[in-house]
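> Got my_file-v9.cif for you, mmCIF, C-alpha atoms:
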```cif
data_protein
#
loop_
_atom_site.label_atom_id
_atom_site.label_comp_id
_atom_site.auth_asym_id
_atom_site.auth_seq_id
_atom_site.Cartn_x
_atom_site.Cartn_y
_atom_site.Cartn_z
CA MET A 1 -1.39 -32.46 -24.01
CA GLY A 2 -2.99 -31.89 -20.62
CA GLY A 3 -0.95 -30.43 -17.76
CA ASN A 4 -1.28 -33.58 -15.64
CA THR A 5 -0.31 -35.87 -18.49
CA GLU A 6 2.74 -33.76 -19.20
CA GLN A 7 3.71 -33.80 -15.52
CA GLU A 8 3.28 -37.57 -15.42
CA LEU A 9 5.44 -37.99 -18.49
CA VAL A 10 8.11 -35.71 -17.03
CA ALA A 11 8.02 -37.67 -13.76
CA ARG A 12 8.51 -40.93 -15.66
CA CYS A 13 11.32 -39.41 -17.71
CA ARG A 14 13.10 -38.38 -14.51
CA LYS A 15 13.21 -42.11 -13.68
CA GLY A 16 14.79 -42.78 -17.06
CA ASP A 17 11.63 -43.97 -18.88
CA MET A 18 12.45 -43.49 -22.56
CA SER A 19 8.92 -44.31 -23.79
CA ALA A 20 7.56 -41.38 -21.75
CA TYR A 21 10.06 -39.06 -23.37
CA THR A 22 8.94 -40.21 -26.82
CA GLY A 23 5.52 -38.73 -25.99
CA LEU A 24 7.10 -35.41 -25.05
CA VAL A 25 9.24 -35.41 -28.20
CA LYS A 26 6.16 -35.94 -30.40
CA ALA A 27 4.27 -33.17 -28.59
CA TYR A 28 7.00 -30.54 -28.77
CA SER A 29 9.14 -31.33 -31.81
CA GLY A 30 7.07 -29.02 -34.06
CA ARG A 31 7.33 -26.13 -31.64
CA VAL A 32 11.07 -26.57 -31.12
CA PHE A 33 11.64 -26.90 -34.86
CA ALA A 34 9.66 -23.69 -35.54
CA VAL A 35 11.74 -21.79 -32.96
CA CYS A 36 15.00 -23.08 -34.43
CA LEU A 37 13.86 -22.34 -37.99
CA ALA A 38 12.83 -18.83 -37.02
CA MET A 39 16.15 -18.17 -35.30
CA THR A 40 18.56 -19.80 -37.75
CA GLY A 41 16.57 -19.18 -40.93
CA ASN A 42 17.70 -22.53 -42.27
CA SER A 43 15.67 -25.75 -42.12
CA HIS A 44 18.71 -28.08 -42.08
CA ASP A 45 20.37 -26.21 -39.21
CA ALA A 46 16.98 -26.06 -37.49
CA GLU A 47 16.67 -29.85 -37.76
CA ASP A 48 20.15 -30.40 -36.28
CA ILE A 49 19.57 -28.02 -33.41
CA THR A 50 16.08 -29.40 -32.72
CA GLN A 51 17.59 -32.88 -32.47
CA GLN A 52 20.34 -31.64 -30.14
CA ALA A 53 17.81 -29.78 -27.99
CA LEU A 54 15.51 -32.78 -27.64
CA VAL A 55 18.39 -35.13 -26.78
CA LYS A 56 19.72 -32.60 -24.27
CA GLY A 57 16.21 -32.30 -22.84
CA PHE A 58 16.15 -35.98 -21.86
CA ILE A 59 19.69 -35.96 -20.48
CA GLN A 60 19.07 -32.85 -18.37
CA ILE A 61 15.44 -33.49 -17.41
CA LYS A 62 16.48 -33.88 -13.78
CA HIS A 63 17.35 -30.16 -13.80
CA LEU A 64 13.77 -29.25 -14.83
CA ARG A 65 12.11 -27.64 -11.81
CA HIS A 66 8.83 -29.23 -10.69
CA ASP A 67 6.86 -26.03 -11.18
CA GLU A 68 8.31 -25.39 -14.66
CA SER A 69 6.57 -26.30 -17.92
CA PHE A 70 8.47 -28.76 -20.10
CA GLY A 71 7.40 -26.82 -23.23
CA ALA A 72 8.88 -23.53 -22.05
CA TRP A 73 12.01 -25.28 -20.77
CA ILE A 74 12.76 -27.21 -23.97
CA VAL A 75 12.14 -24.08 -26.07
CA GLN A 76 14.65 -22.22 -23.90
CA ILE A 77 17.23 -24.99 -24.42
CA ALA A 78 16.65 -24.76 -28.18
CA LYS A 79 16.97 -20.96 -28.14
CA ASN A 80 20.27 -21.18 -26.23
CA LEU A 81 21.61 -23.74 -28.72
CA CYS A 82 20.54 -21.50 -31.61
CA VAL A 83 22.31 -18.52 -30.07
CA ASP A 84 25.50 -20.61 -29.62
CA PHE A 85 25.20 -21.89 -33.18
CA MET A 86 24.77 -18.43 -34.66
CA ARG A 87 27.69 -17.11 -32.63
CA ARG A 88 29.87 -19.90 -34.01
CA GLN A 89 28.59 -19.22 -37.51
CA GLN A 90 29.33 -15.52 -37.19
CA ARG A 91 32.81 -16.28 -35.97
CA ARG A 92 33.40 -18.68 -38.83
CA ARG A 93 31.92 -16.55 -41.57
CA SER A 94 30.46 -13.13 -41.01
CA ILE A 95 27.27 -13.69 -42.92
CA ASN A 96 23.77 -13.11 -41.69
CA ALA A 97 20.77 -15.40 -41.46
CA LYS A 98 19.24 -13.99 -44.59
CA GLN A 99 22.20 -15.20 -46.62
CA SER A 100 22.48 -18.53 -44.82
CA ILE A 101 18.95 -19.49 -45.76
CA GLU A 102 20.01 -19.41 -49.38
CA GLU A 103 22.72 -22.02 -48.94
CA HIS A 104 20.45 -25.00 -48.79
CA VAL A 105 17.48 -23.69 -50.69
CA HIS A 106 17.18 -25.09 -54.12
CA PRO A 107 15.09 -23.01 -56.48
CA GLY A 108 11.64 -24.50 -56.85
CA GLU A 109 9.51 -25.72 -54.05
CA TYR A 110 8.79 -23.01 -51.46
CA HIS A 111 11.79 -21.03 -52.70
CA GLU A 112 10.03 -17.66 -52.69
CA LEU A 113 8.29 -18.43 -49.44
CA LYS A 114 11.59 -19.27 -47.71
CA ILE A 115 13.19 -16.07 -48.96
CA ALA A 116 10.18 -14.06 -47.83
CA LEU A 117 10.30 -15.76 -44.44
CA ALA A 118 14.03 -15.08 -44.14
CA ASN A 119 13.40 -11.40 -44.87
CA LEU A 120 10.65 -11.12 -42.29
CA ASN A 121 11.35 -9.25 -39.09
CA GLU A 122 12.30 -11.90 -36.47
CA ASP A 123 9.58 -10.64 -34.11
CA TYR A 124 7.06 -11.58 -36.79
CA ARG A 125 8.79 -14.71 -38.19
CA LEU A 126 8.73 -16.61 -34.89
CA PRO A 127 4.97 -16.29 -34.17
CA LEU A 128 4.13 -16.97 -37.81
CA LEU A 129 6.18 -20.20 -37.92
CA LEU A 130 4.89 -21.29 -34.52
CA PHE A 131 1.35 -20.79 -35.80
CA TYR A 132 1.85 -23.19 -38.70
CA PHE A 133 4.19 -25.68 -36.98
CA ASP A 134 2.57 -25.84 -33.55
CA GLY A 135 -1.12 -26.49 -34.13
CA ARG A 136 -2.32 -23.04 -35.27
CA SER A 137 -2.83 -22.02 -31.65
CA THR A 138 -2.34 -18.42 -30.58
CA LYS A 139 -2.54 -19.62 -26.96
CA ASN A 140 0.57 -21.78 -27.42
CA ILE A 141 2.41 -18.94 -29.13
CA ALA A 142 1.52 -16.60 -26.27
CA LYS A 143 2.98 -19.16 -23.83
CA VAL A 144 6.19 -19.58 -25.83
CA LEU A 145 6.75 -15.86 -26.34
CA ASN A 146 5.46 -14.95 -22.88
CA ILE A 147 3.13 -12.27 -24.28
CA SER A 148 -0.66 -11.87 -24.37
CA GLN A 149 -2.86 -13.56 -26.97
CA SER A 150 -3.92 -10.18 -28.36
CA ALA A 151 -0.24 -9.25 -28.78
CA VAL A 152 0.25 -12.54 -30.65
CA GLN A 153 -2.68 -11.75 -32.95
CA ALA A 154 -1.25 -8.29 -33.65
CA ARG A 155 2.15 -9.76 -34.50
CA LEU A 156 0.59 -12.43 -36.72
CA SER A 157 -1.39 -9.76 -38.53
CA ARG A 158 1.73 -7.66 -39.14
CA ALA A 159 3.66 -10.78 -40.17
CA ARG A 160 1.07 -11.68 -42.81
CA LYS A 161 1.06 -8.10 -44.04
CA GLN A 162 4.86 -8.02 -44.36
CA LEU A 163 4.97 -11.47 -45.93
CA ARG A 164 2.28 -10.43 -48.41
CA LYS A 165 4.41 -7.43 -49.32
CA PHE A 166 7.48 -9.60 -49.99
CA LEU A 167 5.51 -12.29 -51.84
CA GLY A 168 3.52 -9.66 -53.76
CA ASN A 169 6.75 -7.96 -54.87
CA GLU A 170 8.24 -11.26 -55.97
CA ALA A 171 5.09 -12.12 -57.88
CA GLY A 172 5.16 -8.70 -59.50
CA ALA A 173 8.88 -8.88 -60.27
CA MET B 1 -7.47 2.45 -51.24
CA GLU B 2 -10.40 3.58 -49.16
CA GLN B 3 -10.09 3.67 -45.35
CA ILE B 4 -12.96 1.19 -45.03
CA CYS B 5 -11.03 -1.32 -47.14
CA LYS B 6 -7.92 -0.86 -44.98
CA ASP B 7 -9.99 -1.72 -41.92
CA ILE B 8 -11.54 -4.65 -43.74
CA GLN B 9 -8.11 -5.96 -44.67
CA GLU B 10 -7.14 -5.98 -40.98
CA GLN B 11 -10.20 -8.11 -40.38
CA ILE B 12 -9.32 -10.39 -43.29
CA GLN B 13 -6.11 -11.29 -41.46
CA GLN B 14 -8.15 -12.17 -38.40
CA LEU B 15 -10.44 -14.25 -40.59
CA ILE B 16 -7.42 -16.18 -41.89
CA ALA B 17 -6.14 -16.67 -38.33
CA GLY B 18 -9.60 -17.93 -37.34
CA THR B 19 -9.98 -15.36 -34.56
CA LEU B 20 -13.00 -13.49 -36.01
CA SER B 21 -16.51 -14.07 -34.65
CA GLU B 22 -19.06 -15.78 -36.92
CA ASP B 23 -21.21 -12.65 -37.31
CA LYS B 24 -18.26 -10.50 -38.27
CA ALA B 25 -16.97 -13.24 -40.56
CA SER B 26 -20.24 -13.39 -42.51
CA GLU B 27 -20.35 -9.57 -42.74
CA LEU B 28 -16.79 -9.64 -44.00
CA GLN B 29 -17.58 -12.33 -46.58
CA HIS B 30 -20.43 -10.16 -47.81
CA HIS B 31 -18.07 -7.16 -48.23
CA ILE B 32 -15.48 -9.31 -49.95
CA SER B 33 -18.05 -10.53 -52.44
CA GLN B 34 -18.87 -6.90 -53.25
CA CYS B 35 -15.38 -5.30 -53.24
CA ARG B 36 -12.84 -6.25 -55.89
CA VAL B 37 -9.78 -4.89 -53.97
CA CYS B 38 -10.68 -6.72 -50.77
CA SER B 39 -11.55 -9.84 -52.73
CA GLU B 40 -8.09 -9.85 -54.32
CA TYR B 41 -6.44 -9.25 -50.94
CA TRP B 42 -8.50 -12.05 -49.39
CA GLN B 43 -7.49 -14.44 -52.16
CA ALA B 44 -3.81 -13.46 -51.83
CA LEU B 45 -3.84 -13.99 -48.07
CA GLN B 46 -5.63 -17.30 -48.49
CA ALA B 47 -2.95 -18.33 -50.96
CA ASP B 48 -0.20 -17.29 -48.48
CA ASP B 49 -1.94 -19.24 -45.75
CA LYS B 50 -2.16 -22.26 -48.00
CA ARG B 51 1.51 -21.93 -48.94
CA LEU B 52 2.58 -21.70 -45.31
CA SER B 53 0.36 -24.64 -44.35
CA ASN B 54 1.75 -26.69 -47.23
CA PHE B 55 5.28 -25.72 -46.23
CA ALA B 56 4.65 -26.83 -42.66
CA GLU B 57 3.00 -30.00 -43.97
CA ALA B 58 5.97 -30.69 -46.27
CA MET B 59 8.31 -30.37 -43.29
CA GLN B 60 6.34 -32.91 -41.24
CA PRO B 61 8.11 -36.03 -42.60
CA ARG B 62 11.45 -34.38 -41.77
CA ILE B 63 10.21 -33.60 -38.26
CA ARG B 64 9.00 -37.23 -37.88
CA ARG B 65 12.43 -38.48 -39.02
CA LEU B 66 14.00 -36.07 -36.59
CA GLU B 67 11.85 -37.47 -33.76
CA GLU B 68 12.90 -41.00 -34.69
CA ALA B 69 16.52 -39.90 -34.78
CA VAL B 70 16.19 -38.38 -31.31
CA VAL B 71 14.58 -41.54 -29.93
CA SER B 72 17.16 -43.85 -31.51
CA GLU B 73 20.04 -41.64 -30.34
CA LEU B 74 18.66 -41.65 -26.82
CA ASN B 75 18.12 -45.42 -26.95
CA ARG B 76 21.72 -45.80 -28.07
CA THR B 77 22.91 -43.52 -25.26
CA VAL B 78 20.83 -45.34 -22.64
CA SER B 79 21.86 -48.83 -23.81
CA SER B 80 25.53 -47.85 -24.09
CA LYS B 81 25.39 -46.53 -20.53
CA ALA B 82 23.83 -49.83 -19.39
CA ALA B 83 26.44 -51.75 -21.36
CA ASP B 84 29.15 -49.64 -19.78
CA LYS B 85 27.84 -50.58 -16.34
CA LYS B 86 27.71 -54.31 -17.22
CA SER B 87 31.06 -54.40 -18.93
CA ILE B 88 32.95 -53.00 -15.96
CA TRP B 89 33.19 -56.50 -14.38
CA SER B 90 33.98 -58.21 -17.63
CA ARG B 91 36.69 -55.62 -18.31
CA ILE B 92 38.07 -56.08 -14.81
CA LEU B 93 38.14 -59.84 -15.25
CA LYS B 94 39.80 -59.51 -18.63
CA SER B 95 42.47 -57.18 -17.34
CA GLN B 96 46.07 -58.54 -17.40
CA THR B 97 46.92 -57.07 -13.98
CA VAL B 98 43.90 -58.70 -12.39
CA ARG B 99 44.86 -62.05 -13.89
CA LEU B 100 48.44 -61.77 -12.60
CA THR B 101 47.19 -60.75 -9.15
CA ALA B 102 44.81 -63.72 -9.05
CA ALA B 103 47.66 -66.09 -10.02
CA ALA B 104 49.91 -64.63 -7.30
CA VAL B 105 47.18 -65.00 -4.67
CA PHE B 106 46.61 -68.60 -5.77
CA LEU B 107 50.33 -69.45 -5.53
CA ILE B 108 50.63 -67.84 -2.08
CA ALA B 109 47.61 -69.76 -0.85
CA VAL B 110 49.02 -73.05 -2.18
CA GLY B 111 52.40 -72.35 -0.55
CA TYR B 112 50.78 -71.52 2.79
CA ILE B 113 48.65 -74.66 2.84
CA THR B 114 51.65 -76.82 1.88
CA GLY B 115 53.75 -75.23 4.63
CA ARG B 116 51.06 -75.79 7.23
CA LEU B 117 50.69 -79.44 6.23
CA SER B 118 54.41 -80.11 6.17
CA THR B 119 55.29 -78.57 9.64
CA PRO B 120 55.77 -81.01 12.61
CA ARG B 121 52.85 -81.50 15.09
CA GLN B 122 52.70 -78.77 17.68
CA ARG B 123 53.02 -79.54 21.43
CA ASP B 124 49.90 -79.71 23.49
CA LEU B 125 48.55 -76.26 24.25
CA GLU B 126 47.91 -77.11 27.93
CA GLN B 127 51.63 -77.73 28.41
CA LEU B 128 52.49 -74.47 26.81
CA ARG B 129 49.87 -72.35 28.71
CA PRO B 130 51.87 -71.64 31.98
CA ALA B 131 55.03 -70.72 30.12
CA LEU B 132 52.98 -68.58 27.72
CA GLU B 133 51.13 -66.86 30.60
CA ALA B 134 54.38 -66.15 32.47
CA SER B 135 55.99 -64.84 29.35
CA LEU B 136 52.97 -62.65 28.59
CA ILE B 137 52.81 -61.30 32.15
CA SER B 138 56.51 -60.51 32.23
CA SER B 139 56.44 -58.86 28.85
CA LEU B 140 53.11 -57.05 29.12
CA GLU B 141 52.85 -56.08 32.78
CA PRO B 142 55.29 -53.11 32.75
CA ALA B 143 53.67 -51.79 29.60
CA ILE B 144 50.16 -52.19 31.04
CA ARG B 145 51.23 -50.61 34.33
CA ARG B 146 52.78 -47.70 32.47
CA ASP B 147 49.68 -47.33 30.34
CA VAL B 148 47.41 -47.39 33.37
CA LEU B 149 49.54 -44.78 35.15
CA GLU B 150 49.59 -42.59 32.08
CA HIS B 151 45.86 -42.99 31.72
CA VAL B 152 45.29 -42.10 35.38
CA ASP B 153 47.65 -39.11 35.01
CA ARG B 154 45.82 -37.96 31.93
CA ARG B 155 42.48 -38.47 33.64
CA THR B 156 43.65 -36.58 36.74
CA ASP B 157 45.05 -33.78 34.62
CA SER B 158 41.85 -33.46 32.69
CA VAL B 159 39.70 -33.56 35.87
CA PHE B 160 42.05 -31.07 37.54
CA ALA B 161 41.90 -28.78 34.52
CA ALA B 162 38.11 -29.05 34.45
CA LYS B 163 37.92 -28.32 38.20
CA CYS B 164 40.33 -25.38 37.80
CA ASP B 165 38.16 -23.98 35.04
CA GLN B 166 35.05 -24.47 37.16
CA LEU B 167 36.68 -22.83 40.16
CA LYS B 168 37.91 -19.97 38.03
CA ASP B 169 34.40 -19.44 36.68
CA GLU B 170 32.91 -19.57 40.18
CA LEU B 171 35.49 -17.09 41.51
CA HIS B 172 34.87 -14.83 38.57
CA LEU B 173 31.14 -14.94 39.23
CA GLN B 174 31.65 -14.32 42.95
CA VAL B 175 33.90 -11.33 42.25
CA ARG B 176 31.35 -9.93 39.86
CA ARG B 177 28.56 -10.42 42.39
CA ASP B 178 30.63 -8.76 45.16
CA LEU B 179 31.60 -5.85 42.96
CA THR B 180 28.01 -5.32 41.90
CA GLU B 181 26.84 -5.42 45.55
CA PHE B 182 29.61 -3.04 46.63
CA ALA B 183 28.77 -0.67 43.82
CA SER B 184 25.08 -0.69 44.71
CA GLN B 185 25.85 -0.16 48.43
CA THR B 186 28.26 2.65 47.65
CA LEU B 187 25.68 4.26 45.44
CA ALA B 188 23.01 3.92 48.12
CA ALA B 189 25.36 5.31 50.82
CA THR B 190 26.47 8.15 48.59
CA SER B 191 22.90 9.09 47.88
CA THR B 192 22.01 9.02 51.65
CA VAL B 193 24.95 11.26 52.55
CA THR B 194 24.13 13.59 49.71
CA ASN B 195 20.53 13.79 50.86
CA ARG B 196 21.55 14.46 54.45
CA ARG B 197 23.95 17.17 53.36
CA LEU B 198 21.35 18.73 51.17
CA VAL B 199 18.89 18.79 54.07
CA GLU B 200 21.56 20.38 56.30
CA LEU B 201 22.35 22.91 53.62
CA ILE B 202 18.67 23.74 53.23
CA GLN B 203 18.38 24.10 57.01
CA LEU B 204 21.42 26.38 57.11
CA ILE B 205 20.04 28.47 54.29
CA GLU B 206 16.70 28.67 56.10
CA ALA B 207 18.39 29.67 59.40
CA ALA B 208 20.44 32.33 57.64
CA ARG B 209 17.32 33.63 55.99
CA MET B 210 15.54 33.74 59.34
CA ARG B 211 18.50 35.56 60.91
CA ASP B 212 18.47 38.08 58.10
CA ARG B 213 14.75 38.63 58.55
CA GLN B 214 15.26 39.09 62.33
CA ARG B 215 18.05 41.58 61.73
CA ILE B 216 15.97 43.46 59.23
CA ALA B 217 13.06 43.51 61.73
CA ASP B 218 15.39 44.74 64.51
CA ALA B 219 16.81 47.42 62.24
CA LEU B 220 13.31 48.58 61.29
CA GLU B 221 12.32 48.64 64.96
CA GLN B 222 15.43 50.77 65.78
CA ILE B 223 14.62 53.11 62.93
CA GLU B 224 11.06 53.45 64.20
CA LEU B 225 12.22 54.12 67.77
CA ARG B 226 14.70 56.72 66.55
CA ARG B 227 11.99 58.29 64.43
CA LEU B 228 9.72 58.45 67.47
CA GLU B 229 12.53 59.91 69.62
CA ASP B 230 13.32 62.47 66.92
CA ARG B 231 9.67 63.35 66.71
CA ALA B 232 9.42 63.79 70.49
CA GLN B 233 12.57 65.91 70.48
CA LEU B 234 11.20 67.96 67.61
CA GLY B 235 7.91 68.43 69.51
CA SER B 236 9.69 69.53 72.69
CA GLY B 237 12.00 71.78 70.65
CA LEU B 238 9.04 73.37 68.94
CA GLY B 239 7.30 73.83 72.34
CA LEU B 240 10.40 75.47 73.71
CA LEU B 241 10.63 77.68 70.66
CA ALA B 242 7.01 78.66 71.09
CA GLU B 243 7.56 79.55 74.74
CA GLN B 244 10.62 81.64 74.03
CA THR B 245 8.85 83.27 71.11
CA SER B 246 5.87 84.20 73.34
CA GLU B 247 8.26 85.62 75.94
CA LEU B 248 10.08 87.67 73.40
CA LEU B 249 6.96 89.00 71.63
CA PRO B 250 5.72 91.37 74.44
CA SER B 251 9.13 92.96 74.83
CA VAL B 252 9.28 93.49 71.07
CA GLN B 253 5.80 94.94 71.07
CA ASN B 254 6.72 97.26 73.87
#
```
Any chance you could put this one into structure tokens?

Amino acid sequence: MGGNTEQELVARCRKGDMSAYTGLVKAYSGRVFAVCLAMTGNSHDAEDITQQALVKGFIQIKHLRHDESFGAWIVQIAKNLCVDFMRRQQRRRSINAKQSIEEHVHPGEYHELKIALANLNEDYRLPLLLFYFDGRSTKNIAKVLNISQSAVQARLSRARKQLRKFLGNEAGA
Amino acid sequence: MEQICKDIQEQIQQLIAGTLSEDKASELQHHISQCRVCSEYWQALQADDKRLSNFAEAMQPRIRRLEEAVVSELNRTVSSKAADKKSIWSRILKSQTVRLTAAAVFLIAVGYITGRLSTPRQRDLEQLRPALEASLISSLEPAIRRDVLEHVDRRTDSVFAAKCDQLKDELHLQVRRDLTEFASQTLAATSTVTNRRLVELIQLIEAARMRDRQRIADALEQIELRRLEDRAQLGSGLGLLAEQTSELLPSVQN
């Protein structure tokens, strides 16, 4: 999505234009979902929080500063919601994300992959998921994580290496 | 594993990410076709990439449903807000209190109109005017007079207070100006007197110095005169001594 187009859509949303927000939702849902999945480690929780974040985004779009990117802003909303969610979860049951991913995972499809992803270092899990859920673009990941593209490539490389180790061990086991 | 293969495996990850240049990619493919270890690693990474891509692909319908859910939830929110705005009037009209109030207003209006219609015809207004004017003058004049007087008093007070303030400010300014002038004059006078006294003092010192010099010169002159007198006396004394000595010498020789 071009910068101007995004700004136009945001301007229309500020006036309450729902159809404009649909465009923004379609453009950023993958990115927001990847962030939530990386932070919560659970696809169902990630879906709920993504939905909350996107709804909150429309309601609070008037608070978005004119010079701020919608992508970075909505990702920050999602991150805050994830942090709140995990705090509540920790209060309710002191279990970690690695265990919570197991709750909804049924053995079979992508079972090993989900476990391997849950065991990945979070610094590696987030860029790796963003890569596959947000258009395989290291430029976008660099924007989301606010780091350089070369740093993103390094993290992706380490993520693949670590993932290979976990998947290789599972295959060997 | 050889070091070269470790380096190659770093590059394989870049190849998977699509960040390797075409030249390096073809070199890498050549190495992979020759090296069994790197070939296995390449295949494993490709498989991981495929798995992750498939996983992301499998999640797409859920993300699409999620988008639809967001849009429908927002539509619901927006339409319920609009409905809330519209229904305010209908709720007001349906309210029991509003209905009772409307009935009461209606009854009062009916009663008023009936009363007005049933009262006897009023006398001509022209006949009533003098009596009304006299009554108004008698009842309102003292109050108006009192009001006017109070107003004038208030006005006078406020003008007087403003004038007092102005006068006070002017006096204050005048006093300040006078004091400043007096201070500057005093300073100027003081400095003139001081200068005059200093000049007098310098003159006195100079006169004293001159007197001292004169006295010293007089004293030196006296000393010189006395020295000359002493010298003359000594010369005459010596001459006398020489005479007496020459008189005495022949008698001694004899």
> Quick one: of A:Ala159, A:Leu54, A:Ala46, A:Leu24, who's nearest to chain B, counting all atoms listed in the file?
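Of A:Ala159, A:Leu54, A:Ala46, A:Leu24, the one nearest chain B is A:Leu54, counting all atoms listed in the file.
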> Mind listing as a CSV table (one decimal) with C-alpha atoms, keeping the file's coordinate frame which residues of chain B are within 7 Å of chain A, counting only C-alpha atoms?

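Just written: selection08.csv:
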```csv
chain,number,residue,atom,x,y,z
B,13,GLN,CA,-6.1,-11.3,-41.5
B,52,LEU,CA,2.6,-21.7,-45.3
B,53,SER,CA,0.4,-24.6,-44.4
B,55,PHE,CA,5.3,-25.7,-46.2
B,56,ALA,CA,4.6,-26.8,-42.7
B,63,ILE,CA,10.2,-33.6,-38.3
B,66,LEU,CA,14.0,-36.1,-36.6
B,67,GLU,CA,11.8,-37.5,-33.8
B,70,VAL,CA,16.2,-38.4,-31.3
B,71,VAL,CA,14.6,-41.5,-29.9
B,74,LEU,CA,18.7,-41.6,-26.8
```
> Go through A:His66, A:Arg125, A:Lys139, A:Arg91 and flag the residue nearest Gln7 in chain A, using only C-alpha atoms for the distances.
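Ranking A:His66, A:Arg125, A:Lys139, A:Arg91 by distance to Gln7 in chain A, first place goes to A:His66.
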> Taking (9.7, -22.7, -25.2) in the file's coordinates, which residues come within 10 Å, counting only C-alpha atoms, written as a short mmCIF file (atom, residue, chain, number, x, y, z; two decimals) with C-alpha atoms, in the coordinates of the input?

```
data_model
loop_
_atom_site.label_atom_id
_atom_site.label_comp_id
_atom_site.auth_asym_id
_atom_site.auth_seq_id
_atom_site.Cartn_x
_atom_site.Cartn_y
_atom_site.Cartn_z
CA TYR A 28 7.00 -30.54 -28.77
CA ARG A 31 7.33 -26.13 -31.64
CA VAL A 32 11.07 -26.57 -31.12
CA VAL A 35 11.74 -21.79 -32.96
CA SER A 69 6.57 -26.30 -17.92
CA PHE A 70 8.47 -28.76 -20.10
CA GLY A 71 7.40 -26.82 -23.23
CA ALA A 72 8.88 -23.53 -22.05
CA TRP A 73 12.01 -25.28 -20.77
CA ILE A 74 12.76 -27.21 -23.97
CA VAL A 75 12.14 -24.08 -26.07
CA GLN A 76 14.65 -22.22 -23.90
CA ILE A 77 17.23 -24.99 -24.42
CA ALA A 78 16.65 -24.76 -28.18
CA LYS A 79 16.97 -20.96 -28.14
CA ASN A 140 0.57 -21.78 -27.42
CA ILE A 141 2.41 -18.94 -29.13
CA LYS A 143 2.98 -19.16 -23.83
CA VAL A 144 6.19 -19.58 -25.83
CA LEU A 145 6.75 -15.86 -26.34
CA ASN A 146 5.46 -14.95 -22.88
#
```
> In Å, how far is it from CA of Ile16 in chain B to CA of Trp42 in chain B?
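Interatomic distance here is 8.6 Å.
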> Could you work out how far CA of Asn119 in chain A lies from CA of Gly41 in chain A, giving the answer in Å with one decimal?
9.3 Å
> Figure out the distance between CA of Arg62 in chain B and CA of Asn121 in chain A, please, to one decimal in Å.
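Taking CA of Asn121 in chain A as the start and CA of Arg62 in chain B as the end point, the length is 25.3 Å.
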> Grab all the atoms of range 97-106 of chain B that the file lists, wrap them in a box along x, y and z, add 8 Å per side, and give me centre plus edge lengths in Å (one decimal) as AutoDock Vina command-line options.

```
--center_x 46.9 --center_y -62.8 --center_z -9.3 --size_x 22.0 --size_y 27.5 --size_z 25.3
```
> Counting all atoms listed in the file, figure out which residue out of B:Ile12, B:Val78, B:Ala17, B:Leu167 gets nearest to Gly135 in chain A.
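When distances to Gly135 in chain A are compared using all atoms listed in the file, the smallest one comes from B:Ala17.
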> Of the residues B:Cys5, B:Arg64, B:Leu100, B:Thr19, which is the one nearest to Ser39 in chain B, using all atoms listed in the file?
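Once distances to Ser39 in chain B are computed over all atoms listed in the file, the minimum belongs to B:Cys5.
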